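> As input, take run.txt (compact mmCIF, C-alpha atoms):
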# COMPACT_ATOMS: atom_id res chain seq x y z
CA MET R 1 5.52 -10.29 -30.79
CA SER R 2 3.80 -13.64 -30.87
CA LEU R 3 2.41 -16.33 -28.66
CA ALA R 4 5.73 -18.15 -29.01
CA ASN R 5 7.50 -15.10 -27.54
CA ILE R 6 5.01 -14.97 -24.67
CA ARG R 7 5.63 -18.69 -24.07
CA GLU R 8 9.38 -18.13 -23.87
CA GLY R 9 8.87 -15.17 -21.51
CA LEU R 10 6.64 -17.23 -19.23
CA TYR R 11 9.13 -20.08 -19.23
CA TYR R 12 11.94 -17.67 -18.33
CA THR R 13 9.90 -16.04 -15.57
CA LEU R 14 8.98 -19.38 -13.99
CA GLN R 15 12.57 -20.58 -14.13
CA VAL R 16 14.33 -17.42 -12.94
CA TRP R 17 11.86 -16.08 -10.38
CA GLY R 18 10.20 -19.27 -9.19
CA PRO R 19 11.36 -22.18 -7.06
CA TRP R 20 11.26 -24.61 -10.02
CA LEU R 21 14.23 -26.07 -11.82
CA ASP R 22 14.51 -25.84 -15.59
CA SER R 23 13.90 -29.59 -15.73
CA GLU R 24 10.58 -29.15 -13.88
CA ILE R 25 9.00 -26.79 -16.46
CA SER R 26 7.53 -27.83 -19.79
CA THR R 27 5.73 -25.88 -22.49
CA CYS R 28 3.24 -28.66 -23.30
CA ASP R 29 4.87 -32.06 -22.74
CA PHE R 30 3.34 -34.12 -19.96
CA GLY R 31 6.24 -36.57 -20.32
CA ILE R 32 8.06 -34.36 -17.85
CA LEU R 33 6.10 -36.13 -15.10
CA GLU R 34 8.05 -39.29 -15.95
CA THR R 35 11.35 -37.67 -14.99
CA VAL R 36 10.80 -35.21 -12.13
CA THR R 37 10.79 -36.30 -8.51
CA ALA R 38 8.51 -33.85 -6.70
CA CYS R 39 6.73 -31.29 -8.86
CA ALA R 40 6.37 -29.98 -12.40
CA ILE R 41 4.72 -27.20 -14.33
CA VAL R 42 3.21 -27.82 -17.76
CA PHE R 43 1.56 -25.05 -19.77
CA MET R 44 0.03 -24.56 -23.20
CA PRO R 45 -2.09 -22.09 -25.19
CA SER R 46 -5.61 -21.71 -23.85
CA THR R 47 -8.84 -21.54 -25.79
CA ASP R 48 -9.72 -17.88 -25.31
CA SER R 49 -6.98 -15.60 -26.61
CA SER R 50 -8.45 -12.45 -28.11
CA PHE R 51 -7.36 -9.69 -30.48
CA GLU R 52 -8.62 -6.15 -30.74
CA GLU R 53 -7.89 -3.77 -33.57
CA ILE R 54 -7.30 -0.27 -32.26
CA GLY R 55 -6.56 1.44 -35.59
CA PHE R 56 -10.11 0.96 -36.91
CA GLY R 57 -9.57 -0.25 -40.45
CA ILE R 58 -6.16 1.25 -41.08
CA SER R 59 -3.76 -1.26 -42.63
CA ASP R 60 -0.93 -2.29 -40.34
CA SER R 61 -2.55 -0.51 -37.41
CA PRO R 62 -1.60 -1.62 -33.91
CA ASP R 63 -3.61 -4.29 -32.14
CA VAL R 64 -4.09 -5.37 -28.57
CA ASN R 65 -3.43 -9.08 -28.25
CA THR R 66 -4.60 -10.83 -25.11
CA TRP R 67 -2.90 -14.20 -25.04
CA SER R 68 -4.40 -16.81 -22.76
CA ILE R 69 -2.21 -19.58 -21.39
CA GLU R 70 -3.25 -22.31 -19.02
CA GLY R 71 -1.41 -25.04 -17.30
CA GLY R 72 -1.02 -27.24 -14.32
CA LEU R 73 1.26 -27.35 -11.35
CA TYR R 74 1.68 -31.05 -10.64
CA ILE R 75 2.68 -32.22 -7.18
CA LYS R 76 3.70 -35.81 -6.57
CA ASP R 77 1.71 -37.77 -4.00
CA THR R 78 4.24 -39.47 -1.75
CA GLY R 79 1.61 -41.21 0.35
CA ASP R 80 1.42 -38.57 3.09
CA PRO R 81 -1.88 -36.71 2.57
CA ARG R 82 -1.00 -33.95 5.03
CA ALA R 83 2.32 -33.24 3.30
CA LEU R 84 0.63 -33.32 -0.13
CA LEU R 85 -2.01 -30.79 0.89
CA ASN R 86 0.68 -28.57 2.41
CA ARG R 87 2.61 -28.62 -0.88
CA VAL R 88 -0.62 -27.75 -2.73
CA TRP R 89 -1.10 -24.71 -0.47
CA LEU R 90 2.52 -23.67 -1.01
CA GLY R 91 2.24 -24.26 -4.75
CA HIS R 92 -0.59 -21.72 -5.00
CA ASP R 93 1.55 -19.14 -3.21
CA ASP R 94 4.67 -19.95 -5.23
CA LEU R 95 2.91 -19.59 -8.56
CA ARG R 96 1.17 -16.33 -7.64
CA ASP R 97 4.31 -14.81 -6.12
CA THR R 98 6.47 -15.85 -9.07
CA LEU R 99 4.20 -14.32 -11.68
CA ARG R 100 3.96 -11.08 -9.71
CA LYS R 101 7.76 -10.66 -9.77
CA ASP R 102 7.83 -9.91 -13.50
CA ARG R 103 4.48 -9.04 -15.05
CA THR R 104 6.21 -8.39 -18.39
CA LEU R 105 7.39 -12.01 -18.70
CA ASN R 106 10.96 -10.93 -19.36
CA GLY R 107 9.82 -8.09 -21.61
CA GLN R 108 7.65 -10.26 -23.85
CA ALA R 109 4.29 -8.90 -22.64
CA SER R 110 3.00 -5.48 -21.64
CA ASN R 111 1.28 -7.03 -18.64
CA ALA R 112 0.60 -10.58 -17.52
CA ILE R 113 -1.72 -11.54 -14.73
CA LEU R 114 -2.66 -14.79 -13.08
CA MET R 115 -6.39 -15.02 -13.72
CA SER R 116 -7.28 -18.16 -11.79
CA MET R 117 -6.07 -21.22 -9.91
CA SER R 118 -8.05 -24.23 -8.82
CA PHE R 119 -7.49 -27.49 -7.00
CA ASP R 120 -9.87 -30.42 -6.82
CA PRO R 121 -8.69 -33.10 -4.38
CA THR R 122 -10.79 -35.72 -6.17
CA ILE R 123 -8.84 -35.34 -9.41
CA ALA R 124 -5.33 -36.67 -9.88
CA LEU R 125 -3.14 -37.55 -12.82
CA GLU R 126 -1.28 -40.85 -13.01
CA ALA R 127 2.15 -40.70 -14.65
CA GLY R 128 5.50 -42.30 -14.09
CA GLY R 129 4.02 -44.80 -11.67
CA ALA R 130 2.79 -42.07 -9.32
CA LEU R 131 -0.28 -39.99 -8.65
CA TRP R 132 0.02 -36.23 -9.10
CA ALA R 133 -2.21 -33.57 -7.54
CA GLN R 134 -3.12 -30.84 -10.02
CA VAL R 135 -3.33 -27.12 -9.42
CA ILE R 136 -4.85 -25.81 -12.65
CA TRP R 137 -4.06 -22.18 -13.47
CA LYS R 138 -4.58 -19.60 -16.18
CA ILE R 139 -2.82 -16.38 -17.10
CA GLN R 140 -3.55 -13.65 -19.59
CA ALA R 141 -0.65 -11.80 -21.16
CA VAL R 142 -1.55 -8.52 -22.85
CA GLU R 143 0.59 -7.25 -25.69
CA TYR R 144 0.15 -3.79 -27.18
CA GLU R 145 1.53 -3.80 -30.71
CA GLU R 146 3.06 -0.63 -32.02
In structure tokens, write the structure found in this file.


Amino acid sequence: MSLANIREGLYYTLQVWGPWLDSEISTCDFGILETVTACAIVFMPSTDSSFEEIGFGISDSPDVNTWSIEGGLYIKDTGDPRALLNRVWLGHDDLRDTLRKDRTLNGQASNAILMSMSFDPTIALEAGGALWAQVIWKIQAVEYEE
């Protein structure tokens, strides 16, 4: 397997098991915020993937790959702060619940877990003429090579 396979599995899981449309999910293009009307998910490789050799010096021995992916759930600010905060609350639940429905990311990982989510109301992203609240999240997808 590879990080590209994990990416495709995560994309599939978000699309099939989550409340997001295919057009609301991107694997690293923030331009999606120019076209969606309410919310979007953008994700990319993180900085702390790790690899462990479990064969101890044997050529072609299996490894444990822990792929780290982080992203943002972006929620459009429509001018109603109460509604925005409610959608932020719901977004946390939606993301967690979606990733728990298929921890194998459509068979591309041995186990994937949502490691963290955070929201800072003082930080927003401007795109497409709108402000977007950001829920930043991180998953780790473990792959046991054979």

> Tell me, as a list of chain:residue names, which residues lie within 6 Å of R:Thr27, counting all atoms listed in the file; anything in the same chain fewer than 4 positions away does not count.

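The residues satisfying every condition are R:Val42, R:Phe43, R:Met44.
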
> Which is closer to R:Ile75 than all the others in R:Asn111, R:Ser118, R:Thr104, R:Thr37, using only C-alpha atoms?

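Of the candidates, the smallest distance to R:Ile75 is held by R:Thr37.
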
> So the first atom is atom CA of R:Leu99 and the second is atom CA of R:Gln134; what is the distance between them in Å, to one decimal place?

18.1 Å

> Considering all atoms listed in the file, state which residue in the set R:Ala112, R:Ile123, R:Leu131, R:Ile32 is at the smallest distance from R:Glu143.

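Using all atoms listed in the file, R:Glu143 sits closest to R:Ala112.
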
> Give me, as a list in words, all polymer residues having an atom no more than 8 Å from R:Tyr12, counting all atoms listed in the file and skipping those fewer than 3 positions away in the same chain.

Glu8, Gly9, Gln15, Val16, Leu105 and Asn106 of chain R

> In Å, how far is it from atom CA of R:Ser46 to atom CA of R:Ser23?

22.6 Å

> Choose the residue, out of R:Tyr74, R:Trp89, R:Trp132, R:Trp67, that has the smallest atom-to-atom separation from R:Glu52; count all atoms listed in the file.

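Checking each of R:Tyr74, R:Trp89, R:Trp132, R:Trp67 against R:Glu52, counting all atoms listed in the file, the winner is R:Trp67.
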
> Give the answer as one residue: which of R:Asp29, R:Asp94, R:Arg87, R:Thr78 has the shortest atom-to-atom distance to R:Leu14, using only C-alpha atoms?

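The shortest atom-to-atom distance to R:Leu14 comes from R:Asp94.
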
> Please compute the atom CA of R:Trp137-atom CA of R:Leu73 distance, one decimal, in Å.

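Between atom CA of R:Trp137 and atom CA of R:Leu73 the gap is 7.7 Å.
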